Amino acid sequence: MSQEDGSLEARLEEQDTFEPPESFVEQANVSDPGIYEEFEENWPDCWERAAEFLDWEEEYDDVLDESDAPSYQWFTNGKLNASQNCLDRHVEDGAKNRAAIKWEGELGETRTYTYGDLLNEVNEFASTLRDLGVEEDDVVTLYMPMVPELPIAMLACARLGAPHSVVFAGFSADALATRMNDADSEYLITCDGYYRRGDALDHISKTNEGLEDVEHETTTVVVDRLGDALEHSLSENQHDYDELIDEHAGESVEPVSRDAEDMLFLMYTSGTTGKPKGVKHTTGGYLAYSAWTSHSVLDLKPEDTYWCSADIGWITGHSYILYGPLALGTTTVMYEGTPDYPDKNRFWDIIERNRVDVFYTAPTAIRAFMKWGEQYPAQHDLSSLRLLGTVGEPINPRAWKWYYDHIGGGDCPIVDTWWQTETGGHMITTLPGVCDMKPGAAGPGLPGIDAQIVDEAGEEVDAGQAGYLTVQKPWPGMLRTLYQNDERFVNEYWTEYSDPENDEWVYFPEDGAKIDEDGYITVLGRVDDVINVSGHRLGTMEIESAVVGVEGVAEAAVVGGDHEVKGEAVYVYAIPEDGSEPGAELEEKAIEAILDSIGPIAKPEEVIFTHELPKTRSGKIMRRLLEDIASGNELGTTSTLRNPEVVDEIAEQVNED
Ligand code: WTA
């Protein structure tokens with residue numbers, strides 16, 4: 001490291017506010033600070049700004065209809081099609097030969113789809129799906145890894161007005177079946193397998209295992225990703241993607257006209273109870289919001305090459321690999337594999353080769369890069385980068401500064417974007433061409449987003465105090481309901497701080513947060529039973545129910561403990577049944593059960609057997625204490641416990657390992 005770099009690092013450590021560079025501001029999509037006031041004064045009509053990013057077949061009547069709150073309706077009676085907005089109009093506007101998706105496989109092969117290519121293949125696949133029987137409003141499940149056929153299938157569904165439900169490929173067979181059953185989904189698009197750290201992973205066997213538990217007939221299309229690397233045969237009702245595409249070569253399908261409020265997709269996510277929630281997003285509001293935030297927060301322009309390293313199986317990939325960027329006509333990069341294959345240069349190599357302008361990743365990845373060392377990015381020309389982003393979990397100032405310095409070269413603003421599956425798009429973050437940045441604090445609510453930090457009684461807390469994050473006004477990208485469960489929708493998000501009698505509705509995202517004098521919000525993490533492992537949202541109740549299903553386990557508590565790279569890690573505390581031996585075998589069974597019911601992302605850091613769990617006098621498990629033990633924190637008072645003596649016993653065991 002040169003002396004100059006050394007002093008930069010020292011300076012960074014001291015600094016807690018960063019201004020966006022003049023060169024960035026000059027070219028930014030949004031650079032007028034007046035935008036906050038403009039949105040506030042003009043609310044809700046300000047949201048026309050978002051709707052303007054779309055092509056509407058029929059203009060909407062009202063921006064917002066609040067008459068049935070909290071079932072808000074946006075852009076009422078507007079008509080549009082999402083695939084037409086992401087493809088056809090760009091081709092018509094002369095962008096036929098512009099790259100839409102630049103895909104890179106883990107083994108190094110690349111495929112580029114221009115907007116013209118993508119439109120053709122989406123048309124062919126939409127025609128295929130229609131032939132297979134898919135009709136408007138049928139839910140199509142996509143259980144696929146990061147192959148180009150995943151976004152193609154999503155856009156083909158959108159073209160037909162058939163909502164997609166993407167199930168992350170790393171989820172288990174059980175998780176697939178649960179989601180398909182919940183959505184009554186009779187169509188499945190999947191893949192034979194994919195590459196992870198150079199190995200060909202079998203995905204089709206897992207798919208077939210899941211299908212055995214699906215309660216209805218299913219028609220399946222299988223993408224051949226691995227060729228000869230994996231021998232597999234298709235059963236009746238299973239079709240080969242390439243063969244179908246060949247049969248439908250050159251065909252096209254008129255985009256189905258959808259109401260703004262019609263469902264674009266379902267996305268299952270974890271909540272407080274065991275059962276995943278099917279979050280419903282709509283065609284008009286969601287698409288307008290993802291396009292608007294891609295423009296204002298990610299600063300995307302049609303001529304940009306942009307890379308978001310998330311998986312499309314999560315909301316980040318939906319909004320910010322696919323819908324937002326393609327609605328704006330940008331080139332979006334898609335990478336199949338891991339950041340350390342064939343070596344730890346991979347990400348920087350992708351950025352350098354593709355001249356990536358804007359890069360969006362997760363704090364957990366940044367912490368891993370820091371651990372690997374700055375020598376990897378230092379070997380690459382990253383000067384094409386203009387803006388950096390993070391998402392999924394809080395970013396600690398040290399990781400922020402490392403990212404700023406070693407990836408951004410000290411002249412790229414960073415947007416730390418707080419949002420959720422439910423919000424559809426960014427909610428709390430700086431606008432990169434307007435705001436100063438404060439490492440660790442996501443920023444103020446975006447223009448038009450009324451984020452407030454309140455206490456238990458719903459009163460706004462003073463600056464510097466911690467409280468609960470709330471959103472006091474609706475926004476176009478918001479979820480509309482939980483699939484076929486309006487009651488749970490209201491219970492989960494609209495009860496804590498709302499006043500239904502006075503028709504006042506406040507959205508509660510279940511995060512804790514604090515706010516500074518200047519309105520900058522620091523998100524502190526979930527206050528429900530959801531944990532955030534490497535930016536993946538997991539329900540501890542789901543993991544718990546897998547563990548208590550194991551023969552030999554009487555009771556279990558699952559909590560998140562601090563983890564240097566993952567942010568949080570899964571800790572399982574389990575009580576063996578009388579006569580059952582705690583030990584390696586039972587541990588193995590518990591882990592197996594978790595992998596079967598959720599998948600490897602939920603694999604525990606540790607399984608701790610104990611004869612009792614710390615409980616309050618009323619019999620509630622003291623999870624906070626179990627979290628502190630797992631995190632190695634100082635333990636607070638245990639005097640309110642019924643069985644304080646177990647605490648030391650458990651803590652000793654955790655420390656031993
Ligand atoms: C957390 C991911 C702090 C938060 C887009 C939220 C964050 C949950 C941030 C949603 C951030 C997301 N700072 N925490 N910038 N972004 N979170 O649904 O706890 O997978 O409630 O959506 O991630 O996770 P989800």
# chains A, B, ... in the order shown; residues from 1 in each chain; ligands from 1
call {"tool": "residues_near_ligand", "arguments": {"ligand": "ligand 1", "cutoff": "7 Å", "atoms": "only C-alpha atoms and all ligand atoms", "output": "CSV table (one decimal) with N, CA and C atoms, in the first residue's frame"}}
result
chain,number,residue,atom,x,y,z
A,269,THR,N,-42.1,-15.3,2.0
A,269,THR,CA,-41.0,-14.9,2.9
A,269,THR,C,-41.4,-15.3,4.3
A,314,TRP,N,-34.7,-14.0,-4.5
A,314,TRP,CA,-35.1,-13.1,-3.4
A,314,TRP,C,-35.7,-11.8,-4.0
A,315,ILE,N,-36.3,-11.0,-3.2
A,315,ILE,CA,-37.0,-9.8,-3.7
A,315,ILE,C,-35.9,-8.9,-4.3
A,316,THR,N,-34.7,-8.8,-3.8
A,316,THR,CA,-33.7,-7.9,-4.3
A,316,THR,C,-33.5,-8.2,-5.8
A,390,THR,N,-25.7,-1.2,-1.0
A,390,THR,CA,-25.8,-2.3,-0.1
A,390,THR,C,-27.3,-2.5,0.3
A,391,VAL,N,-27.6,-3.8,0.7
A,391,VAL,CA,-29.0,-4.1,1.0
A,391,VAL,C,-29.0,-5.4,1.8
A,392,GLY,N,-30.0,-5.5,2.7
A,392,GLY,CA,-30.3,-6.8,3.3
A,392,GLY,C,-30.1,-6.8,4.8
A,393,GLU,N,-29.2,-6.0,5.3
A,393,GLU,CA,-28.9,-6.0,6.8
A,393,GLU,C,-28.1,-4.7,7.1
A,394,PRO,N,-28.0,-4.4,8.3
A,394,PRO,CA,-27.2,-3.2,8.7
A,394,PRO,C,-25.8,-3.4,8.2
A,395,ILE,N,-25.2,-2.3,7.8
A,395,ILE,CA,-23.7,-2.3,7.5
A,395,ILE,C,-23.0,-1.6,8.5
A,416,ASP,N,-27.0,2.9,1.2
A,416,ASP,CA,-27.4,1.8,2.1
A,416,ASP,C,-28.9,1.7,2.1
A,417,THR,N,-29.4,0.8,1.5
A,417,THR,CA,-30.9,0.8,1.2
A,417,THR,C,-31.6,-0.2,2.1
A,418,TRP,N,-32.5,0.4,3.0
A,418,TRP,CA,-33.4,-0.4,3.8
A,418,TRP,C,-34.7,-0.6,3.1
A,419,TRP,N,-35.1,-1.8,3.0
A,419,TRP,CA,-36.4,-2.2,2.5
A,419,TRP,C,-36.7,-3.6,2.8
A,420,GLN,N,-37.8,-4.2,2.3
A,420,GLN,CA,-38.2,-5.5,2.6
A,420,GLN,C,-39.0,-6.1,1.4
A,421,THR,N,-39.1,-7.5,1.5
A,421,THR,CA,-39.9,-8.2,0.5
A,421,THR,C,-41.3,-7.5,0.4
A,422,GLU,N,-41.8,-7.1,1.5
A,422,GLU,CA,-43.1,-6.5,1.5
A,422,GLU,C,-43.2,-5.1,0.9
A,442,ALA,N,-28.8,4.2,7.4
A,442,ALA,CA,-29.3,4.1,6.0
A,442,ALA,C,-29.6,5.4,5.4
A,509,PRO,N,-43.0,-2.7,10.0
A,509,PRO,CA,-42.2,-3.7,9.4
A,509,PRO,C,-41.5,-4.6,10.3
A,510,GLU,N,-41.7,-4.5,11.6
A,510,GLU,CA,-41.0,-5.3,12.6
A,510,GLU,C,-39.5,-5.1,12.7
A,511,ASP,N,-39.1,-3.9,12.5
A,511,ASP,CA,-37.7,-3.6,12.7
A,511,ASP,C,-37.6,-2.5,13.8
A,523,VAL,N,-31.1,1.5,11.2
A,523,VAL,CA,-31.9,0.3,11.4
A,523,VAL,C,-31.2,-0.7,12.3
A,524,LEU,N,-31.8,-1.1,13.4
A,524,LEU,CA,-31.1,-1.9,14.4
A,524,LEU,C,-31.4,-3.4,14.2
A,525,GLY,N,-32.4,-3.8,13.4
A,525,GLY,CA,-32.7,-5.2,13.2
A,525,GLY,C,-34.1,-5.6,13.7
A,526,ARG,N,-34.4,-6.8,13.4
A,526,ARG,CA,-35.8,-7.3,13.6
A,526,ARG,C,-36.1,-7.4,15.1
A,532,ASN,N,-31.6,-12.7,10.4
A,532,ASN,CA,-31.0,-12.3,9.1
A,532,ASN,C,-29.6,-12.9,9.0
A,535,GLY,N,-27.8,-11.9,5.2
A,535,GLY,CA,-28.8,-11.2,4.4
A,535,GLY,C,-30.0,-12.0,4.0
A,536,HIS,N,-30.0,-13.3,4.4
A,536,HIS,CA,-31.2,-14.1,4.1
A,536,HIS,C,-32.1,-14.1,5.3
A,537,ARG,N,-33.4,-13.9,5.0
A,537,ARG,CA,-34.4,-13.7,6.1
A,537,ARG,C,-34.9,-15.1,6.4
call {"tool": "residues_around", "arguments": {"residues": "Leu119 in chain A", "least_positions_apart": "4", "cutoff": "7 Å", "atoms": "only C-alpha atoms", "output": "ChimeraX atom specification"}}
result
/A:87-88,115,123
call {"tool": "write_last_selection", "arguments": {"atoms": "C-alpha atoms", "output": "JSON list (two decimals), in the first residue's frame"}}
result
[["chain", "number", "residue", "atom", "x", "y", "z"],
["A", 87, "LEU", "CA", -39.03, -5.31, -23.49],
["A", 88, "ASP", "CA", -41.27, -4.31, -26.41],
["A", 115, "TYR", "CA", -33.41, -6.48, -25.82],
["A", 123, "ASN", "CA", -42.35, -14.52, -26.70]]
call {"tool": "residues_around", "arguments": {"residues": "range 481-487 of chain A", "least_positions_apart": "6", "cutoff": "10 Å", "atoms": "only C-alpha atoms", "output": "list in words"}}
result
Pro70, Ser71, Tyr72, Asp182, Ala183, Leu266, Met267, Tyr268, Pro276, Lys277, Gly278, Val279, Lys280, His281, Glu422 and Tyr493 of chain A
call {"tool": "closest_residue", "arguments": {"among": "A:Val91, A:Ile204, A:Ala554, A:Ala249", "to": "Tyr143 in chain A", "atoms": "only C-alpha atoms"}}
result
A:Ile204
call {"tool": "residues_around", "arguments": {"residues": "His563 in chain A", "least_positions_apart": "4", "cutoff": "10 Å", "atoms": "only C-alpha atoms", "output": "short mmCIF file (atom, residue, chain, number, x, y, z; two decimals) with all heavy atoms, in the first residue's frame"}}
result
data_model
loop_
_atom_site.label_atom_id
_atom_site.label_comp_id
_atom_site.auth_asym_id
_atom_site.auth_seq_id
_atom_site.Cartn_x
_atom_site.Cartn_y
_atom_site.Cartn_z
N THR A 364 -22.90 -8.72 4.10
CA THR A 364 -22.25 -9.99 4.43
C THR A 364 -21.15 -10.29 3.41
O THR A 364 -20.08 -10.77 3.75
CB THR A 364 -23.28 -11.14 4.54
OG1 THR A 364 -22.63 -12.32 4.96
CG2 THR A 364 -23.99 -11.39 3.23
N VAL A 533 -29.56 -14.06 8.30
CA VAL A 533 -28.30 -14.79 8.17
C VAL A 533 -27.74 -14.53 6.78
O VAL A 533 -28.36 -14.90 5.79
CB VAL A 533 -28.53 -16.31 8.39
CG1 VAL A 533 -27.23 -17.07 8.22
CG2 VAL A 533 -29.14 -16.57 9.76
N SER A 534 -26.61 -13.88 6.72
CA SER A 534 -25.99 -13.50 5.44
C SER A 534 -27.00 -12.77 4.55
O SER A 534 -27.08 -13.03 3.35
CB SER A 534 -25.48 -14.73 4.68
OG SER A 534 -24.52 -15.38 5.43
N GLY A 567 -23.33 -11.76 9.84
CA GLY A 567 -24.22 -10.84 10.55
C GLY A 567 -24.85 -11.58 11.72
O GLY A 567 -24.56 -11.32 12.87
N GLU A 568 -25.71 -12.53 11.37
CA GLU A 568 -26.26 -13.41 12.40
C GLU A 568 -26.07 -14.85 11.95
O GLU A 568 -25.99 -15.13 10.75
CB GLU A 568 -27.75 -13.15 12.59
CG GLU A 568 -28.07 -11.96 13.47
CD GLU A 568 -29.56 -11.82 13.73
OE1 GLU A 568 -30.30 -11.46 12.78
OE2 GLU A 568 -30.00 -12.10 14.86
N ALA A 569 -26.02 -15.78 12.93
CA ALA A 569 -25.96 -17.20 12.61
C ALA A 569 -27.01 -17.92 13.45
O ALA A 569 -27.47 -17.40 14.47
CB ALA A 569 -24.57 -17.75 12.91
N VAL A 570 -27.40 -19.10 12.99
CA VAL A 570 -28.46 -19.87 13.66
C VAL A 570 -27.89 -20.67 14.83
O VAL A 570 -26.95 -21.45 14.66
CB VAL A 570 -29.12 -20.85 12.65
CG1 VAL A 570 -30.17 -21.71 13.34
CG2 VAL A 570 -29.70 -20.10 11.46
N GLU A 605 -25.11 -22.91 13.25
CA GLU A 605 -23.72 -22.74 13.64
C GLU A 605 -23.40 -23.75 14.74
O GLU A 605 -22.34 -24.33 14.79
CB GLU A 605 -23.58 -21.31 14.19
CG GLU A 605 -22.19 -20.81 14.34
CD GLU A 605 -21.53 -20.54 12.99
OE1 GLU A 605 -22.23 -20.52 11.95
OE2 GLU A 605 -20.31 -20.39 12.99
N ALA A 630 -25.36 -16.93 22.78
CA ALA A 630 -24.83 -17.28 21.46
C ALA A 630 -23.87 -16.21 20.94
O ALA A 630 -22.88 -16.51 20.29
CB ALA A 630 -25.98 -17.46 20.47
N SER A 631 -24.15 -14.95 21.26
CA SER A 631 -23.33 -13.85 20.76
C SER A 631 -22.10 -13.60 21.62
O SER A 631 -21.28 -12.76 21.30
CB SER A 631 -24.16 -12.56 20.70
OG SER A 631 -25.34 -12.77 19.98
#
call {"tool": "residues_around", "arguments": {"residues": "Leu300 in chain A", "least_positions_apart": "3", "cutoff": "12 Å", "atoms": "only C-alpha atoms", "output": "ChimeraX atom specification"}}
result
/A:27-30,290-297,303-308,320-321,324-332,356-360,386-388,432
call {"tool": "write_last_selection", "arguments": {"atoms": "N, CA and C atoms", "output": "CSV table (one decimal), in the first residue's frame"}}
result
chain,number,residue,atom,x,y,z
A,27,GLN,N,-24.0,14.5,-12.8
A,27,GLN,CA,-24.6,13.6,-13.8
A,27,GLN,C,-25.8,12.8,-13.2
A,28,ALA,N,-26.1,13.1,-11.9
A,28,ALA,CA,-27.1,12.2,-11.2
A,28,ALA,C,-28.5,12.4,-11.8
A,29,ASN,N,-29.3,11.4,-11.8
A,29,ASN,CA,-30.7,11.4,-12.2
A,29,ASN,C,-31.5,12.4,-11.4
A,30,VAL,N,-31.2,12.4,-10.1
A,30,VAL,CA,-31.9,13.3,-9.1
A,30,VAL,C,-30.8,14.0,-8.4
A,290,SER,N,-40.4,0.1,-8.6
A,290,SER,CA,-39.1,-0.5,-8.8
A,290,SER,C,-38.3,0.4,-9.8
A,291,ALA,N,-39.1,0.9,-10.8
A,291,ALA,CA,-38.4,1.7,-11.9
A,291,ALA,C,-38.0,3.0,-11.3
A,292,TRP,N,-38.9,3.6,-10.5
A,292,TRP,CA,-38.6,5.0,-9.9
A,292,TRP,C,-37.4,4.9,-9.0
A,293,THR,N,-37.3,3.9,-8.1
A,293,THR,CA,-36.2,3.8,-7.2
A,293,THR,C,-34.9,3.3,-7.9
A,294,SER,N,-35.0,2.6,-9.0
A,294,SER,CA,-33.8,2.2,-9.8
A,294,SER,C,-33.3,3.5,-10.4
A,295,HIS,N,-34.1,4.4,-10.7
A,295,HIS,CA,-33.7,5.7,-11.3
A,295,HIS,C,-33.2,6.6,-10.3
A,296,SER,N,-33.9,6.8,-9.2
A,296,SER,CA,-33.5,7.8,-8.2
A,296,SER,C,-32.4,7.4,-7.2
A,297,VAL,N,-32.5,6.1,-6.8
A,297,VAL,CA,-31.5,5.6,-5.8
A,297,VAL,C,-30.3,5.0,-6.5
A,303,GLU,N,-27.8,3.6,-20.7
A,303,GLU,CA,-26.5,3.2,-21.2
A,303,GLU,C,-25.6,2.5,-20.2
A,304,ASP,N,-26.1,2.4,-18.9
A,304,ASP,CA,-25.3,1.8,-17.9
A,304,ASP,C,-25.2,0.3,-18.0
A,305,THR,N,-24.1,-0.3,-17.5
A,305,THR,CA,-24.0,-1.7,-17.2
A,305,THR,C,-24.1,-1.8,-15.7
A,306,TYR,N,-25.0,-2.5,-15.2
A,306,TYR,CA,-25.3,-2.5,-13.8
A,306,TYR,C,-25.3,-4.0,-13.3
A,307,TRP,N,-24.7,-4.1,-12.1
A,307,TRP,CA,-24.7,-5.5,-11.5
A,307,TRP,C,-25.1,-5.5,-10.1
A,308,CYS,N,-26.2,-6.3,-9.9
A,308,CYS,CA,-26.6,-6.6,-8.5
A,308,CYS,C,-26.3,-8.1,-8.3
A,320,TYR,N,-34.4,-5.5,-8.4
A,320,TYR,CA,-33.2,-4.8,-8.9
A,320,TYR,C,-32.2,-5.6,-9.7
A,321,ILE,N,-32.6,-6.8,-10.1
A,321,ILE,CA,-31.8,-7.4,-11.2
A,321,ILE,C,-32.7,-7.3,-12.4
A,324,GLY,N,-36.8,-3.4,-12.2
A,324,GLY,CA,-36.4,-2.0,-12.2
A,324,GLY,C,-35.5,-1.7,-13.4
A,325,PRO,N,-34.3,-2.4,-13.4
A,325,PRO,CA,-33.3,-2.1,-14.5
A,325,PRO,C,-33.9,-2.3,-15.9
A,326,LEU,N,-34.7,-3.4,-16.1
A,326,LEU,CA,-35.2,-3.6,-17.5
A,326,LEU,C,-36.3,-2.6,-17.8
A,327,ALA,N,-37.1,-2.1,-16.8
A,327,ALA,CA,-38.1,-1.1,-17.1
A,327,ALA,C,-37.4,0.2,-17.6
A,328,LEU,N,-36.1,0.4,-17.1
A,328,LEU,CA,-35.4,1.6,-17.5
A,328,LEU,C,-34.6,1.4,-18.8
A,329,GLY,N,-34.5,0.1,-19.2
A,329,GLY,CA,-33.7,-0.2,-20.4
A,329,GLY,C,-32.2,-0.3,-20.2
A,330,THR,N,-31.9,-0.6,-19.0
A,330,THR,CA,-30.4,-0.7,-18.6
A,330,THR,C,-29.9,-2.1,-19.0
A,331,THR,N,-28.6,-2.3,-19.0
A,331,THR,CA,-28.0,-3.6,-19.1
A,331,THR,C,-27.7,-4.2,-17.8
A,332,THR,N,-28.3,-5.3,-17.5
A,332,THR,CA,-28.2,-5.9,-16.1
A,332,THR,C,-27.3,-7.2,-16.2
A,356,VAL,N,-18.6,-2.3,-15.3
A,356,VAL,CA,-19.8,-2.1,-14.5
A,356,VAL,C,-19.8,-0.7,-14.0
A,357,ASP,N,-20.9,0.0,-14.1
A,357,ASP,CA,-21.1,1.4,-13.7
A,357,ASP,C,-21.6,1.4,-12.2
A,358,VAL,N,-22.6,0.5,-11.9
A,358,VAL,CA,-23.2,0.6,-10.6
A,358,VAL,C,-23.2,-0.8,-10.1
A,359,PHE,N,-22.8,-1.0,-8.8
A,359,PHE,CA,-22.7,-2.3,-8.2
A,359,PHE,C,-23.5,-2.3,-6.9
A,360,TYR,N,-24.3,-3.4,-6.7
A,360,TYR,CA,-25.2,-3.5,-5.6
A,360,TYR,C,-25.0,-4.8,-4.9
A,386,ARG,N,-19.4,3.9,-10.6
A,386,ARG,CA,-19.8,5.3,-10.3
A,386,ARG,C,-20.6,5.4,-9.0
A,387,LEU,N,-21.2,4.3,-8.7
A,387,LEU,CA,-22.1,4.2,-7.5
A,387,LEU,C,-22.1,2.8,-6.9
A,388,LEU,N,-22.1,2.7,-5.6
A,388,LEU,CA,-22.2,1.4,-4.9
A,388,LEU,C,-23.4,1.4,-4.1
A,432,PRO,N,-28.4,9.4,-3.8
A,432,PRO,CA,-26.9,9.6,-3.9
A,432,PRO,C,-26.5,10.9,-4.5
call {"tool": "residues_around", "arguments": {"residues": "range 583-586 of chain A", "least_positions_apart": "4", "cutoff": "8 Å", "atoms": "only C-alpha atoms", "output": "PyMOL selection string"}}
result
chain A and resi 552+590+609
call {"tool": "write_last_selection", "arguments": {"atoms": "all heavy atoms", "output": "PDB file, in the first residue's frame"}}
result
ATOM      1  N   GLY A 552     -36.708 -37.861  19.452  1.00  0.00           N
ATOM      2  CA  GLY A 552     -35.663 -37.743  20.459  1.00  0.00           C
ATOM      3  C   GLY A 552     -35.488 -36.322  20.966  1.00  0.00           C
ATOM      4  O   GLY A 552     -34.784 -36.082  21.934  1.00  0.00           O
ATOM      5  N   ALA A 590     -30.950 -33.420  13.908  1.00  0.00           N
ATOM      6  CA  ALA A 590     -31.547 -32.080  13.979  1.00  0.00           C
ATOM      7  C   ALA A 590     -31.126 -31.256  12.762  1.00  0.00           C
ATOM      8  O   ALA A 590     -31.945 -30.567  12.139  1.00  0.00           O
ATOM      9  CB  ALA A 590     -31.122 -31.384  15.270  1.00  0.00           C
ATOM     10  N   PHE A 609     -27.279 -28.987  23.370  1.00  0.00           N
ATOM     11  CA  PHE A 609     -28.259 -29.779  24.121  1.00  0.00           C
ATOM     12  C   PHE A 609     -28.230 -29.375  25.583  1.00  0.00           C
ATOM     13  O   PHE A 609     -27.168 -29.135  26.159  1.00  0.00           O
ATOM     14  CB  PHE A 609     -27.960 -31.278  23.984  1.00  0.00           C
ATOM     15  CG  PHE A 609     -28.251 -31.785  22.610  1.00  0.00           C
ATOM     16  CD1 PHE A 609     -27.221 -32.114  21.733  1.00  0.00           C
ATOM     17  CD2 PHE A 609     -29.565 -31.918  22.174  1.00  0.00           C
ATOM     18  CE1 PHE A 609     -27.493 -32.559  20.448  1.00  0.00           C
ATOM     19  CE2 PHE A 609     -29.850 -32.362  20.892  1.00  0.00           C
ATOM     20  CZ  PHE A 609     -28.803 -32.690  20.021  1.00  0.00           C
TER      21      PHE A 609
END
call {"tool": "select_by_dssp", "arguments": {"residues": "range 38-81 of chain A", "states": "helix (DSSP H, G or I)", "output": "short mmCIF file (atom, residue, chain, number, x, y, z; two decimals) with all heavy atoms, in the first residue's frame"}}
result
data_model
loop_
_atom_site.label_atom_id
_atom_site.label_comp_id
_atom_site.auth_asym_id
_atom_site.auth_seq_id
_atom_site.Cartn_x
_atom_site.Cartn_y
_atom_site.Cartn_z
N GLU A 38 -41.11 18.73 -2.49
CA GLU A 38 -42.02 18.59 -3.62
C GLU A 38 -42.94 17.37 -3.42
O GLU A 38 -44.16 17.45 -3.61
CB GLU A 38 -41.17 18.42 -4.88
CG GLU A 38 -41.94 18.29 -6.17
CD GLU A 38 -41.02 17.78 -7.29
OE1 GLU A 38 -39.85 18.23 -7.38
OE2 GLU A 38 -41.48 16.90 -8.04
N PHE A 39 -42.37 16.26 -2.98
CA PHE A 39 -43.17 15.05 -2.76
C PHE A 39 -44.13 15.25 -1.59
O PHE A 39 -45.26 14.79 -1.62
CB PHE A 39 -42.26 13.83 -2.51
CG PHE A 39 -41.94 13.07 -3.77
CD1 PHE A 39 -41.30 13.69 -4.83
CD2 PHE A 39 -42.29 11.72 -3.90
CE1 PHE A 39 -41.00 12.99 -6.00
CE2 PHE A 39 -42.00 11.02 -5.07
CZ PHE A 39 -41.36 11.65 -6.11
N GLU A 40 -43.64 15.90 -0.56
CA GLU A 40 -44.47 16.06 0.63
C GLU A 40 -45.69 16.94 0.33
O GLU A 40 -46.82 16.60 0.68
CB GLU A 40 -43.63 16.68 1.74
CG GLU A 40 -44.27 16.44 3.10
CD GLU A 40 -43.37 16.92 4.22
OE1 GLU A 40 -42.13 16.84 4.07
OE2 GLU A 40 -43.93 17.37 5.24
N GLU A 41 -45.42 18.03 -0.36
CA GLU A 41 -46.51 18.97 -0.66
C GLU A 41 -47.53 18.40 -1.62
O GLU A 41 -48.70 18.73 -1.59
CB GLU A 41 -45.93 20.26 -1.27
CG GLU A 41 -45.35 21.15 -0.20
CD GLU A 41 -44.59 22.33 -0.78
OE1 GLU A 41 -44.59 22.49 -2.02
OE2 GLU A 41 -43.99 23.06 0.02
N ASP A 45 -50.14 12.74 -5.21
CA ASP A 45 -49.95 12.90 -6.65
C ASP A 45 -48.49 12.86 -7.08
O ASP A 45 -48.17 12.63 -8.24
CB ASP A 45 -50.60 14.21 -7.13
CG ASP A 45 -52.12 14.13 -7.07
OD1 ASP A 45 -52.64 13.00 -6.99
OD2 ASP A 45 -52.78 15.20 -7.08
N CYS A 46 -47.59 13.09 -6.09
CA CYS A 46 -46.17 13.01 -6.40
C CYS A 46 -45.82 11.67 -7.04
O CYS A 46 -44.88 11.55 -7.82
CB CYS A 46 -45.34 13.19 -5.13
SG CYS A 46 -45.78 12.06 -3.81
N TRP A 47 -46.64 10.64 -6.73
CA TRP A 47 -46.31 9.31 -7.24
C TRP A 47 -46.57 9.16 -8.72
O TRP A 47 -46.22 8.15 -9.32
CB TRP A 47 -47.02 8.24 -6.42
CG TRP A 47 -46.42 8.16 -5.05
CD1 TRP A 47 -47.01 8.45 -3.87
CD2 TRP A 47 -45.07 7.79 -4.73
NE1 TRP A 47 -46.14 8.29 -2.82
CE2 TRP A 47 -44.93 7.89 -3.33
CE3 TRP A 47 -43.96 7.41 -5.48
CZ2 TRP A 47 -43.73 7.60 -2.68
CZ3 TRP A 47 -42.76 7.12 -4.83
CH2 TRP A 47 -42.66 7.22 -3.44
N GLU A 48 -47.14 10.21 -9.32
CA GLU A 48 -47.23 10.20 -10.78
C GLU A 48 -45.83 10.16 -11.39
O GLU A 48 -45.62 9.64 -12.48
CB GLU A 48 -47.97 11.45 -11.28
CG GLU A 48 -49.42 11.44 -10.89
CD GLU A 48 -50.24 12.47 -11.65
OE1 GLU A 48 -49.78 12.97 -12.68
OE2 GLU A 48 -51.34 12.76 -11.18
N ARG A 49 -44.89 10.74 -10.64
CA ARG A 49 -43.49 10.72 -11.10
C ARG A 49 -43.02 9.28 -11.33
O ARG A 49 -42.23 9.01 -12.24
CB ARG A 49 -42.57 11.32 -10.01
CG ARG A 49 -42.47 12.80 -9.93
CD ARG A 49 -41.48 13.42 -10.93
NE ARG A 49 -40.05 13.22 -10.64
CZ ARG A 49 -39.29 14.09 -10.01
NH1 ARG A 49 -39.78 15.21 -9.54
NH2 ARG A 49 -38.00 13.86 -9.83
N ALA A 50 -43.48 8.36 -10.47
CA ALA A 50 -43.09 6.95 -10.63
C ALA A 50 -43.83 6.32 -11.81
O ALA A 50 -43.25 5.60 -12.62
CB ALA A 50 -43.38 6.19 -9.34
N ALA A 51 -45.13 6.64 -11.90
CA ALA A 51 -45.95 6.05 -12.97
C ALA A 51 -45.46 6.48 -14.35
O ALA A 51 -45.64 5.77 -15.34
CB ALA A 51 -47.41 6.44 -12.77
#
call {"tool": "closest_residue", "arguments": {"among": "A:Asp528, A:Glu634, A:Asp578, A:Asp137", "to": "Thr272 in chain A", "atoms": "only C-alpha atoms"}}
result
A:Asp528
call {"tool": "closest_residue", "arguments": {"among": "A:Gly443, A:Gly448, A:Gly425, A:Gly170", "to": "Ile521 in chain A", "atoms": "only C-alpha atoms"}}
result
A:Gly443
call {"tool": "closest_residue", "arguments": {"among": "A:Asp503, A:Glu14, A:Asp518, A:Asp411", "to": "Asp462 in chain A", "atoms": "only C-alpha atoms"}}
result
A:Asp518
call {"tool": "atom_distance", "arguments": {"atom1": "CA of Ile453 in chain A", "atom2": "CA of Pro476 in chain A"}}
result
21.2 Å
